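Novice: Got a structure here, written out as structure tokens. Questions coming.
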Amino acid sequence: MTAPLVKVDAIVRSYRMRTGMFGRVTDLRAVDGVSLDIRRGETLGLVGESGSGKSTTGRMVLGLEAPDSGSVAFDQAAMPTTGSPAWRSQRARMQMIFQDPLGALDRRWTIARQVREPFDIHAIGDDASRAARTDELLLSVGLSHDQGLRYPHELSGGQRQRAVIARALATRPDFLVCDEPVSALDVSIQAQVINLLIDLQAELGLTMLFISHDLRVVRQISRRVAVMYLGRIVELGDADHLFAAPQHPYTRALVSASPAPGRRSTERIVLTGDPPNPAARPAGCAFHPRCSHAFARCRVESPTLVEITPDRSVACHLIDAGTVPAAASEAAA
Ligand SMILES: Nc1ncnc2c1ncn2[C@@H]1O[C@H](COP(=O)(O)OP(=O)(O)OP(=O)(O)O)[C@@H](O)[C@H]1O
């Protein structure tokens, strides 16, 4: 098997914050030992509730933020120091697409000017070839030359996100991190932008990390999926298999709340208890206060991510104990 394009090894990231009435300074651990391989040409989905550490993981994967400990390697080389010349030249190979295209675009410039900006910055080609390549990029995301002459506020949300994608592709990146790229769009437009990303990924052989809280969207685009809960990966595996037979109780709850078209809907599992809060991480397994299967060990010992089959890893004491919840084993059968 070829080496993964991105190798993330036990990354940790904490933020200092003030809590309580007296403003006591505490460390909030946003990412708590995440390890991931992102294989060349695949889309890896990263799902989890708000605050689970998905965006922080994405920023560290791109080197926009350095981990406190652990490491990220891109194309078998350690991530250069953030902001260094080596990092800047590497950044051309890695691009990020955010949720808010209006915030990512400059309102004072036309779309075409922003799409061609990387050519101007890096002095790539002459004026005519830059203009031609800009039109090509616009066309590749479904925008016309005339739409390129407009300003961001003159386009719809979906068109603006297409423009952001065109600009991200200008440097011919190998790797894209998409952080909630369709969450701000109408559902009908979401499907179009997802299909565009799927087409571009196949055409250009892109590798993608696709971050979203929305399982429905992640399911459409991902080859493999990692599920995060309070800064850790609790389940990782082939997307089809994971959605068909989720093993971790948290994944099961997420999947049951988002049934796939054509799949027999299983009983809806309602998550009770407080939503995850990294400032108040429970002892033991962070999910145990919301888990109906929790037993004594879950309250004291944090489970590690264990490979249970060649394409599935799960961090849950139930798996160790050989007592996978019934619905998951039924679905797997
Ligand atoms: N720069 C920062 N300073 C302080 N705290 C931060 C910072 N960035 C993230 N956090 C905190 O880290 C935790 C994880 O945030 P993160 O944005 O990575 O989660 P997420 O899963 O992407 O959620 P969301 O979808 O809401 O962005 C949250 O509690 C967040 O408040």
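The way I read the labels, and the way they are meant: chains A, B, ... in the order of the structure tokens, residue 1 as the first residue of every chain, and ligand 1 as the first ligand shown, with later ones counted on from there.
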Quick one: residues within 10 Å of Ala77 of chain A, only C-alpha atoms, excluding same-chain residues fewer than 2 positions away - as a count of residues only?

Specialist: 9

Novice: Would you list the contacts of segment 238-242 of chain A as a PyMOL selection string, taking every protein, DNA or RNA residue within 9 Å and counting only C-alpha atoms, but skipping same-chain residues closer than 4 positions in sequence?

Specialist: chain A and resi 44-45+218-219+222-226+246-247+251+311-312+332

Novice: Of the residues A:Gln76, A:Thr134, A:Ser212, A:Ser156, which is the one nearest to ligand 1, using only C-alpha atoms and all ligand atoms?

Specialist: A:Ser212

Novice: If we count only C-alpha atoms and set the cut-off at 9 Å, which residues sit around Thr207 of chain A, ignoring sequence neighbours fewer than 3 positions away in its own chain? Please answer as JSON, numbers by chain.

Specialist: {"A": [5, 38, 39, 40, 41, 42, 43, 44, 174, 175, 176, 177, 201]}

Novice: Let's see if you can do this: from backbone DSSP, list all strand (DSSP E) residues in segment 59-170 of chain A, as number ranges by chain.

Specialist: A: 69-74, 77-78, 94-97

Novice: Write the residues of the selection above to a file with C-alpha atoms, as a JSON list (two decimals), in the first residue's frame.

Specialist:
[["chain", "number", "residue", "atom", "x", "y", "z"],
["A", 69, "SER", "CA", 2.36, 17.68, 20.94],
["A", 70, "GLY", "CA", 2.16, 15.02, 18.26],
["A", 71, "SER", "CA", 2.99, 15.54, 14.60],
["A", 72, "VAL", "CA", 1.61, 16.00, 11.12],
["A", 73, "ALA", "CA", 3.44, 14.77, 8.03],
["A", 74, "PHE", "CA", 2.49, 15.74, 4.49],
["A", 77, "ALA", "CA", 7.80, 15.02, 5.27],
["A", 78, "ALA", "CA", 7.21, 16.68, 8.63],
["A", 94, "MET", "CA", -2.86, 22.28, 0.40],
["A", 95, "GLN", "CA", -5.92, 24.48, 0.33],
["A", 96, "MET", "CA", -8.85, 25.07, 2.64],
["A", 97, "ILE", "CA", -12.50, 25.83, 1.89]]

Novice: Find, counting only C-alpha atoms, the residue in A:Ile165, A:Leu271, A:Ala66, A:Leu46 that gets nearest to Gly237 of chain A.

Specialist: A:Leu46

Novice: Under the rule that only C-alpha atoms are counted, which of A:Arg29, A:Arg59, A:Arg116, A:Arg268 is the nearest residue to Met17 of chain A?

Specialist: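 Looking only at the distances to Met17 of chain A, the closest residue turns out to be A:Arg29.
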
Novice: Let me make sure I understand: among A:Ala315, A:Ala86, A:Ala112, A:Val12, which one has the smallest atom-to-atom distance to ligand 1 if we use only C-alpha atoms and all ligand atoms?

Specialist: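 Going through A:Ala315, A:Ala86, A:Ala112, A:Val12 one by one, the smallest distance to ligand 1 is for A:Val12.
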
Novice: Write out as a ChimeraX atom specification each polymer residue whose atoms come within 10 Å of Cys285 of chain A, counting only C-alpha atoms; drop sequence neighbours fewer than 4 positions from it.

Specialist: /A:230,234,281,289,291,294,297-304,315-317

Novice: Chain A near ligand 1 within 10 Å: what's each residue's closest atom pair and its distance in Å to one decimal, counting only C-alpha atoms and all ligand atoms, ordered by chain then ascending residue number, as a Markdown table?

Specialist:
| residue | atom | partner | partner_atom_place_in_ligand_line | distance |
| --- | --- | --- | --- | --- |
| A:Arg13 | CA | ligand 1 | 12 (O) | 8.5 |
| A:Ser14 | CA | ligand 1 | 12 (O) | 7.6 |
| A:Tyr15 | CA | ligand 1 | 4 (C) | 4.9 |
| A:Arg16 | CA | ligand 1 | 4 (C) | 6.6 |
| A:Met17 | CA | ligand 1 | 4 (C) | 6.6 |
| A:Arg18 | CA | ligand 1 | 4 (C) | 9.9 |
| A:Asp27 | CA | ligand 1 | 5 (N) | 9.3 |
| A:Leu28 | CA | ligand 1 | 12 (O) | 6.9 |
| A:Arg29 | CA | ligand 1 | 12 (O) | 6.9 |
| A:Ala30 | CA | ligand 1 | 12 (O) | 4.2 |
| A:Val31 | CA | ligand 1 | 14 (C) | 7.1 |
| A:Leu46 | CA | ligand 1 | 21 (O) | 9.0 |
| A:Val47 | CA | ligand 1 | 21 (O) | 7.8 |
| A:Gly48 | CA | ligand 1 | 21 (O) | 6.2 |
| A:Glu49 | CA | ligand 1 | 21 (O) | 5.9 |
| A:Ser50 | CA | ligand 1 | 23 (O) | 3.6 |
| A:Gly51 | CA | ligand 1 | 19 (O) | 3.5 |
| A:Ser52 | CA | ligand 1 | 21 (O) | 3.8 |
| A:Gly53 | CA | ligand 1 | 18 (O) | 3.2 |
| A:Lys54 | CA | ligand 1 | 21 (O) | 3.9 |
| A:Ser55 | CA | ligand 1 | 22 (O) | 3.6 |
| A:Thr56 | CA | ligand 1 | 18 (O) | 3.7 |
| A:Thr57 | CA | ligand 1 | 18 (O) | 6.4 |
| A:Gly58 | CA | ligand 1 | 18 (O) | 7.9 |
| A:Arg59 | CA | ligand 1 | 18 (O) | 8.5 |
| A:Met60 | CA | ligand 1 | 18 (O) | 10.0 |
| A:Glu65 | CA | ligand 1 | 1 (N) | 9.4 |
| A:Gln99 | CA | ligand 1 | 25 (O) | 9.9 |
| A:Asp179 | CA | ligand 1 | 22 (O) | 8.0 |
| A:Glu180 | CA | ligand 1 | 25 (O) | 7.6 |
| A:Ser183 | CA | ligand 1 | 25 (O) | 10.0 |
| A:Ile211 | CA | ligand 1 | 22 (O) | 7.8 |
| A:Ser212 | CA | ligand 1 | 25 (O) | 7.2 |
| A:His213 | CA | ligand 1 | 25 (O) | 6.5 |
| A:Asp214 | CA | ligand 1 | 25 (O) | 9.9 |
| A:Met228 | CA | ligand 1 | 21 (O) | 7.8 |
| A:Tyr229 | CA | ligand 1 | 21 (O) | 8.3 |
| A:Leu230 | CA | ligand 1 | 14 (C) | 7.8 |
| A:Gly231 | CA | ligand 1 | 14 (C) | 7.2 |
| A:Pro276 | CA | ligand 1 | 29 (O) | 8.7 |
| A:Asn277 | CA | ligand 1 | 29 (O) | 6.4 |
| A:Pro278 | CA | ligand 1 | 29 (O) | 5.5 |
| A:Ala279 | CA | ligand 1 | 29 (O) | 7.0 |
| A:Ala280 | CA | ligand 1 | 29 (O) | 9.9 |

Novice: Point out the residue among A:Met21, A:Val8, A:Ile319, A:Ala166 with the least atom-to-atom distance to Leu36 of chain A, counting only C-alpha atoms.

Specialist: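 Smallest distance to Leu36 of chain A is found for A:Val8.
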
Novice: Taking only C-alpha atoms into account, which of A:Tyr151, A:Leu204, A:Arg113, A:Ser35 comes nearest Arg133 of chain A?

Specialist: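 The shortest atom-to-atom distance to Arg133 of chain A comes from A:Arg113.
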
Novice: One decimal, Å: what's the distance from atom CA of Glu117 of chain A over to atom CA of Arg130 of chain A, could you say?

Specialist: 9.3 Å

Novice: In Å, with one decimal, what is the gap from atom CA of Ser258 of chain A to atom CA of Val61 of chain A?

Specialist: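 Rounded to one decimal, the two atoms are 27.7 Å apart.
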
Novice: As a PyMOL selection string, please: all residues of segment 84-186 of chain A that backbone DSSP puts in helix (DSSP H, G or I).

Specialist: chain A and resi 85-91+101-104+111-121+127-140+145-148+152-154+157-169

Novice: For atom CA of Gly142 of chain A and atom CA of Ala163 of chain A, determine how far apart the two atoms are, in Å to one decimal place.

Specialist: 9.1 Å
